[in-house]
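Just work-v5.cif here, mmCIF, C-alpha atoms:
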data_my_file
#
loop_
_atom_site.group_PDB
_atom_site.id
_atom_site.type_symbol
_atom_site.label_atom_id
_atom_site.label_comp_id
_atom_site.auth_asym_id
_atom_site.auth_seq_id
_atom_site.Cartn_x
_atom_site.Cartn_y
_atom_site.Cartn_z
ATOM 1 C CA MET A 1 -15.477 -12.038 15.445
ATOM 2 C CA VAL A 2 -11.978 -13.071 14.416
ATOM 3 C CA ILE A 3 -8.574 -11.808 15.547
ATOM 4 C CA THR A 4 -6.754 -10.263 12.626
ATOM 5 C CA ALA A 5 -4.141 -7.683 11.615
ATOM 6 C CA ILE A 6 -4.921 -4.488 9.718
ATOM 7 C CA ILE A 7 -2.181 -2.458 8.052
ATOM 8 C CA THR A 8 -2.965 1.153 7.185
ATOM 9 C CA GLY A 9 -0.413 2.999 5.080
ATOM 10 C CA ASP A 10 0.446 5.704 2.594
ATOM 11 C CA ILE A 11 3.278 6.438 0.186
ATOM 12 C CA VAL A 12 5.800 9.121 1.151
ATOM 13 C CA ASN A 13 6.755 11.487 -1.704
ATOM 14 C CA SER A 14 4.183 9.793 -3.936
ATOM 15 C CA ARG A 15 4.064 12.767 -6.327
ATOM 16 C CA GLU A 16 7.679 12.278 -7.290
ATOM 17 C CA GLY A 17 8.288 10.010 -10.263
ATOM 18 C CA SER A 18 5.806 7.960 -12.226
ATOM 19 C CA ASN A 19 2.785 6.619 -10.330
ATOM 20 C CA SER A 20 2.383 3.723 -12.726
ATOM 21 C CA ASP A 21 5.687 2.170 -11.630
ATOM 22 C CA TRP A 22 5.342 2.141 -7.848
ATOM 23 C CA LEU A 23 1.580 1.602 -7.960
ATOM 24 C CA GLU A 24 1.987 -1.691 -9.786
ATOM 25 C CA SER A 25 4.670 -2.786 -7.281
ATOM 26 C CA LEU A 26 2.370 -1.875 -4.390
ATOM 27 C CA LYS A 27 -0.511 -3.863 -5.892
ATOM 28 C CA LEU A 28 1.703 -6.917 -6.356
ATOM 29 C CA ALA A 29 2.952 -6.635 -2.762
ATOM 30 C CA LEU A 30 -0.569 -6.305 -1.354
ATOM 31 C CA ASN A 31 -1.769 -9.193 -3.487
ATOM 32 C CA ARG A 32 0.920 -11.369 -1.909
ATOM 33 C CA TYR A 33 -0.716 -10.980 1.501
ATOM 34 C CA GLY A 34 -4.409 -10.700 0.636
ATOM 35 C CA ASP A 35 -7.084 -10.712 -2.053
ATOM 36 C CA HIS A 36 -8.003 -7.479 -3.826
ATOM 37 C CA LEU A 37 -11.129 -5.676 -2.526
ATOM 38 C CA LYS A 38 -11.924 -8.402 0.006
ATOM 39 C CA ASP A 39 -8.629 -7.950 1.866
ATOM 40 C CA TRP A 40 -7.023 -4.792 0.494
ATOM 41 C CA GLU A 41 -7.761 -1.549 -1.265
ATOM 42 C CA ILE A 42 -5.843 1.494 -2.483
ATOM 43 C CA TYR A 43 -7.666 4.801 -2.037
ATOM 44 C CA ARG A 44 -6.981 8.543 -2.394
ATOM 45 C CA GLY A 45 -4.316 7.613 -4.920
ATOM 46 C CA ASP A 46 -1.527 6.798 -2.485
ATOM 47 C CA SER A 47 -3.158 5.373 0.654
ATOM 48 C CA PHE A 48 -3.963 1.728 1.299
ATOM 49 C CA GLN A 49 -5.353 -0.709 3.830
ATOM 50 C CA ILE A 50 -4.890 -4.461 3.986
ATOM 51 C CA LYS A 51 -6.239 -7.188 6.242
ATOM 52 C CA THR A 52 -3.873 -10.113 6.690
ATOM 53 C CA SER A 53 -2.993 -12.825 9.188
ATOM 54 C CA ILE A 54 -1.246 -11.729 12.363
ATOM 55 C CA GLU A 55 1.751 -13.966 11.666
ATOM 56 C CA LYS A 56 2.256 -12.392 8.225
ATOM 57 C CA SER A 57 1.536 -8.778 9.166
ATOM 58 C CA LEU A 58 5.027 -7.604 10.113
ATOM 59 C CA GLU A 59 6.650 -9.462 7.226
ATOM 60 C CA ALA A 60 4.109 -7.802 4.926
ATOM 61 C CA CYS A 61 5.273 -4.388 6.145
ATOM 62 C CA PHE A 62 8.904 -5.191 5.340
ATOM 63 C CA TYR A 63 7.925 -6.582 1.937
ATOM 64 C CA ILE A 64 5.779 -3.546 1.100
ATOM 65 C CA LYS A 65 8.526 -1.182 2.266
ATOM 66 C CA ALA A 66 11.096 -2.954 0.083
ATOM 67 C CA SER A 67 8.685 -2.878 -2.878
ATOM 68 C CA ILE A 68 8.284 0.900 -2.566
ATOM 69 C CA LYS A 69 11.908 1.709 -1.790
ATOM 70 C CA GLU A 70 12.873 0.125 -5.104
ATOM 71 C CA TYR A 71 11.992 3.583 -6.400
ATOM 72 C CA ASN A 72 14.402 6.348 -5.429
ATOM 73 C CA SER A 73 13.025 9.066 -3.124
ATOM 74 C CA LEU A 74 9.926 7.023 -2.219
ATOM 75 C CA ASP A 75 9.086 5.450 1.134
ATOM 76 C CA VAL A 76 5.990 4.264 2.957
ATOM 77 C CA ARG A 77 4.362 4.891 6.351
ATOM 78 C CA MET A 78 2.484 1.984 7.923
ATOM 79 C CA ALA A 79 0.673 1.122 11.136
ATOM 80 C CA ILE A 80 -0.350 -2.375 12.194
ATOM 81 C CA GLY A 81 -3.429 -2.821 14.341
ATOM 82 C CA ILE A 82 -4.144 -6.197 15.934
ATOM 83 C CA GLY A 83 -7.510 -7.131 17.370
ATOM 84 C CA LYS A 84 -11.012 -8.325 16.579
ATOM 85 C CA SER A 85 -12.732 -7.731 13.268
ATOM 86 C CA ASN A 86 -16.499 -7.703 12.860
ATOM 87 C CA GLY A 87 -16.122 -9.854 9.765
ATOM 88 C CA SER A 88 -16.097 -9.236 6.048
ATOM 89 C CA THR A 89 -18.600 -6.866 4.470
ATOM 90 C CA GLY A 90 -17.156 -7.459 1.012
ATOM 91 C CA LYS A 91 -15.093 -4.266 1.059
ATOM 92 C CA ILE A 92 -12.077 -3.748 3.315
ATOM 93 C CA THR A 93 -12.596 0.015 3.798
ATOM 94 C CA GLU A 94 -16.148 -0.570 5.089
ATOM 95 C CA GLU A 95 -15.240 -3.146 7.733
ATOM 96 C CA GLN A 96 -15.107 -2.337 11.435
ATOM 97 C CA GLY A 97 -13.669 -3.731 14.646
ATOM 98 C CA GLU A 98 -10.914 -3.026 17.143
ATOM 99 C CA ALA A 99 -8.155 -4.061 14.705
ATOM 100 C CA PHE A 100 -9.312 -1.311 12.321
ATOM 101 C CA TYR A 101 -9.601 1.299 15.082
ATOM 102 C CA ARG A 102 -6.168 0.426 16.452
ATOM 103 C CA SER A 103 -4.558 0.538 13.029
ATOM 104 C CA GLY A 104 -6.189 3.883 12.183
ATOM 105 C CA GLN A 105 -5.319 5.474 15.510
ATOM 106 C CA CYS A 106 -1.754 4.168 15.368
ATOM 107 C CA PHE A 107 -1.395 5.551 11.842
ATOM 108 C CA GLU A 108 -2.693 8.974 12.877
ATOM 109 C CA ASN A 109 -0.110 9.051 15.676
ATOM 110 C CA LEU A 110 2.857 8.342 13.381
ATOM 111 C CA LYS A 111 5.206 11.291 13.607
ATOM 112 C CA ALA A 112 8.972 10.862 13.566
ATOM 113 C CA THR A 113 8.706 7.171 12.706
ATOM 114 C CA ASN A 114 7.073 5.502 9.706
ATOM 115 C CA LEU A 115 6.279 2.053 11.108
ATOM 116 C CA ALA A 116 4.489 1.259 14.357
ATOM 117 C CA ILE A 117 2.160 -1.299 15.907
ATOM 118 C CA GLU A 118 -0.808 -1.292 18.287
ATOM 119 C CA THR A 119 -1.544 -4.701 19.768
ATOM 120 C CA GLY A 120 -3.874 -3.770 22.604
ATOM 121 C CA ASN A 121 -1.121 -4.769 25.059
ATOM 122 C CA LYS A 122 0.846 -1.753 26.336
ATOM 123 C CA GLU A 123 3.919 -3.787 27.289
ATOM 124 C CA HIS A 124 4.072 -5.506 23.905
ATOM 125 C CA ASN A 125 3.618 -2.160 22.158
ATOM 126 C CA THR A 126 6.509 -0.590 24.046
ATOM 127 C CA VAL A 127 8.940 -3.412 23.270
ATOM 128 C CA LEU A 128 7.959 -3.892 19.626
ATOM 129 C CA ASN A 129 7.850 -0.196 18.766
ATOM 130 C CA LEU A 130 11.265 0.361 20.319
ATOM 131 C CA MET A 131 12.639 -2.511 18.212
ATOM 132 C CA LEU A 132 11.034 -1.044 15.103
ATOM 133 C CA GLU A 133 12.392 2.446 15.793
ATOM 134 C CA LEU A 134 15.902 1.047 16.140
ATOM 135 C CA GLY A 135 15.476 -1.125 13.059
ATOM 136 C CA LEU A 136 14.263 1.808 10.978
ATOM 137 C CA LEU A 137 17.645 3.466 11.426
ATOM 138 C CA THR A 138 18.782 0.772 8.972
ATOM 139 C CA PHE A 139 15.568 0.102 7.020
ATOM 140 C CA ASN A 140 15.036 3.747 6.061
ATOM 141 C CA SER A 141 18.479 3.776 4.438
ATOM 142 C CA TRP A 142 17.771 0.972 1.945
ATOM 143 C CA THR A 143 18.841 1.870 -1.572
ATOM 144 C CA SER A 144 16.980 0.635 -4.629
ATOM 145 C CA VAL A 145 19.439 -2.276 -4.943
ATOM 146 C CA ASP A 146 19.093 -3.091 -1.247
ATOM 147 C CA ALA A 147 15.301 -3.103 -1.544
ATOM 148 C CA VAL A 148 15.219 -5.405 -4.571
ATOM 149 C CA THR A 149 17.623 -7.847 -2.912
ATOM 150 C CA LEU A 150 15.729 -7.934 0.386
ATOM 151 C CA LYS A 151 12.380 -8.315 -1.354
ATOM 152 C CA THR A 152 13.711 -11.275 -3.300
ATOM 153 C CA ALA A 153 15.025 -12.902 -0.116
ATOM 154 C CA LEU A 154 11.645 -12.446 1.579
ATOM 155 C CA LYS A 155 9.814 -13.718 -1.496
ATOM 156 C CA TYR A 156 11.890 -16.915 -1.623
ATOM 157 C CA PRO A 157 12.600 -17.759 2.041
ATOM 158 C CA GLY A 158 13.849 -21.258 1.218
ATOM 159 C CA HIS A 159 16.430 -20.071 -1.289
ATOM 160 C CA THR A 160 20.144 -19.959 -0.562
ATOM 161 C CA GLN A 161 22.135 -16.817 -1.267
ATOM 162 C CA LYS A 162 23.537 -18.529 -4.361
ATOM 163 C CA GLU A 163 20.004 -19.121 -5.661
ATOM 164 C CA ILE A 164 19.039 -15.503 -4.933
ATOM 165 C CA ALA A 165 22.210 -14.363 -6.692
ATOM 166 C CA LYS A 166 21.239 -16.379 -9.754
ATOM 167 C CA LYS A 167 17.776 -14.822 -9.835
ATOM 168 C CA LEU A 168 19.227 -11.312 -9.639
ATOM 169 C CA ASN A 169 22.174 -12.057 -11.926
ATOM 170 C CA LYS A 170 24.700 -11.078 -9.258
ATOM 171 C CA SER A 171 27.493 -12.815 -7.409
ATOM 172 C CA ALA A 172 26.785 -14.654 -4.139
ATOM 173 C CA SER A 173 29.270 -12.391 -2.351
ATOM 174 C CA THR A 174 27.377 -9.300 -3.538
ATOM 175 C CA ILE A 175 24.094 -10.757 -2.291
ATOM 176 C CA SER A 176 25.671 -11.629 1.051
ATOM 177 C CA PHE A 177 27.022 -8.100 1.479
ATOM 178 C CA THR A 178 23.746 -6.473 0.443
ATOM 179 C CA LEU A 179 21.588 -8.604 2.723
ATOM 180 C CA GLN A 180 23.911 -7.859 5.618
ATOM 181 C CA LYS A 181 23.564 -4.160 4.842
ATOM 182 C CA THR A 182 19.750 -4.362 4.807
ATOM 183 C CA GLY A 183 19.615 -6.034 8.228
ATOM 184 C CA TYR A 184 18.091 -9.199 6.767
ATOM 185 C CA LYS A 185 19.280 -11.538 9.552
ATOM 186 C CA GLU A 186 18.030 -9.101 12.166
ATOM 187 C CA ILE A 187 14.686 -8.857 10.358
ATOM 188 C CA LEU A 188 14.311 -12.645 10.499
ATOM 189 C CA LYS A 189 15.104 -12.582 14.231
ATOM 190 C CA LEU A 190 12.556 -9.823 14.753
ATOM 191 C CA LEU A 191 9.905 -11.742 12.812
ATOM 192 C CA ASN A 192 10.594 -14.830 14.933
ATOM 193 C CA TYR A 193 10.356 -12.776 18.140
ATOM 194 C CA TYR A 194 7.132 -11.186 16.915
ATOM 195 C CA ASN A 195 5.688 -14.601 16.103
ATOM 196 C CA ASN A 196 6.515 -15.955 19.551
ATOM 197 C CA LEU A 197 5.245 -12.842 21.359
ATOM 198 C CA ILE A 198 2.057 -12.077 19.448
ATOM 199 C CA VAL A 199 0.983 -15.104 17.447
ATOM 200 C CA LYS A 200 1.681 -18.212 19.525
ATOM 201 C CA PRO A 201 -0.061 -17.064 22.727
#

If you convert what's in this file into structure tokens, what do you get?
Amino acid sequence: MVITAIITGDIVNSREGSNSDWLESLKLALNRYGDHLKDWEIYRGDSFQIKTSIEKSLEACFYIKASIKEYNSLDVRMAIGIGKSNGSTGKITEEQGEAFYRSGQCFENLKATNLAIETGNKEHNTVLNLMLELGLLTFNSWTSVDAVTLKTALKYPGHTQKEIAKKLNKSASTISFTLQKTGYKEILKLLNYYNNLIVKP
């Protein structure tokens, strides 16, 4: 058995707009953090599950959220479950283990929030989920422009704001303002905290 992270999610307001647009963005986002079929699958049209490394799991959620919020009126609900996996069966939706159970249960319990985590440690859950709830007050407000900018920053972590600006054909000052608005610096701090709390032990 290996310790892994399972993200279970679905698209909010998926019937609005063209499926072909956001579906392709979702596939590209999932492919960034895992291999199709072996590590991720989309089912029931707008639901998905992905197995990824613990250290990449929270970043993956932010990247997926940004990929979906590029499209006006759309959002995504996700739950991370961390724990043991019984190993690959060749199809992600047929695998079992505590990481899958935790992710599924956490997802079923999503109500007012659309991102939560179940680590198997009650204290860690309380702290991380409070941080996420506070962060979502900003993250849920991302516009399409915000989402594209943040996704680009996450995709190219070594790039300066000038380099990101060049990729998006915008001024460096616009990129700086937009990233500040998305909570990018705070996201990086949260990812670092998450890494130190969950991964390194």

Worksheet item: What's the 12 Å shell around Ile80 (chain A), counting all atoms listed in the file, without same-chain residues fewer than 2 positions away, as a ChimeraX atom specification?
Response: /A:4-9,49-62,77-78,82-83,98-110,114-120,125,128-129,132

Fill in: Picked residues, the PyMOL selection byres ((chain A and resi 133-148) around 7), expected as a ChimeraX atom specification
/A:66-67,69-72,113,129-132,149-152,178,182-183

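The space separating CA of Leu26 (chain A) from CA of Glu41 (chain A) comes to 10.6 Å.
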
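Among the candidates A:Lys111, A:Lys84, A:His124, A:Arg15, the one nearest to Asn196 (chain A) when counting only C-alpha atoms is A:His124.
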
Worksheet, complete the sentence: Of A:Thr160, A:Gln96, A:Lys38, A:Asn31, the one nearest to Ala172 (chain A) when counting all atoms listed in the file is A:Thr160

Fill in: Contact residues around Ala165 (chain A) with all atoms listed in the file at 10 Å, ignoring same-chain residues under 4 positions, as a PyMOL selection string
chain A and resi 149+152-153+159-161+169-176

Please produce an output containing C-alpha atoms for each residue in the selection, written as a CSV table (one decimal), in the coordinates of the input.
chain,number,residue,atom,x,y,z
A,149,THR,CA,17.6,-7.8,-2.9
A,152,THR,CA,13.7,-11.3,-3.3
A,153,ALA,CA,15.0,-12.9,-0.1
A,159,HIS,CA,16.4,-20.1,-1.3
A,160,THR,CA,20.1,-20.0,-0.6
A,161,GLN,CA,22.1,-16.8,-1.3
A,169,ASN,CA,22.2,-12.1,-11.9
A,170,LYS,CA,24.7,-11.1,-9.3
A,171,SER,CA,27.5,-12.8,-7.4
A,172,ALA,CA,26.8,-14.7,-4.1
A,173,SER,CA,29.3,-12.4,-2.4
A,174,THR,CA,27.4,-9.3,-3.5
A,175,ILE,CA,24.1,-10.8,-2.3
A,176,SER,CA,25.7,-11.6,1.1
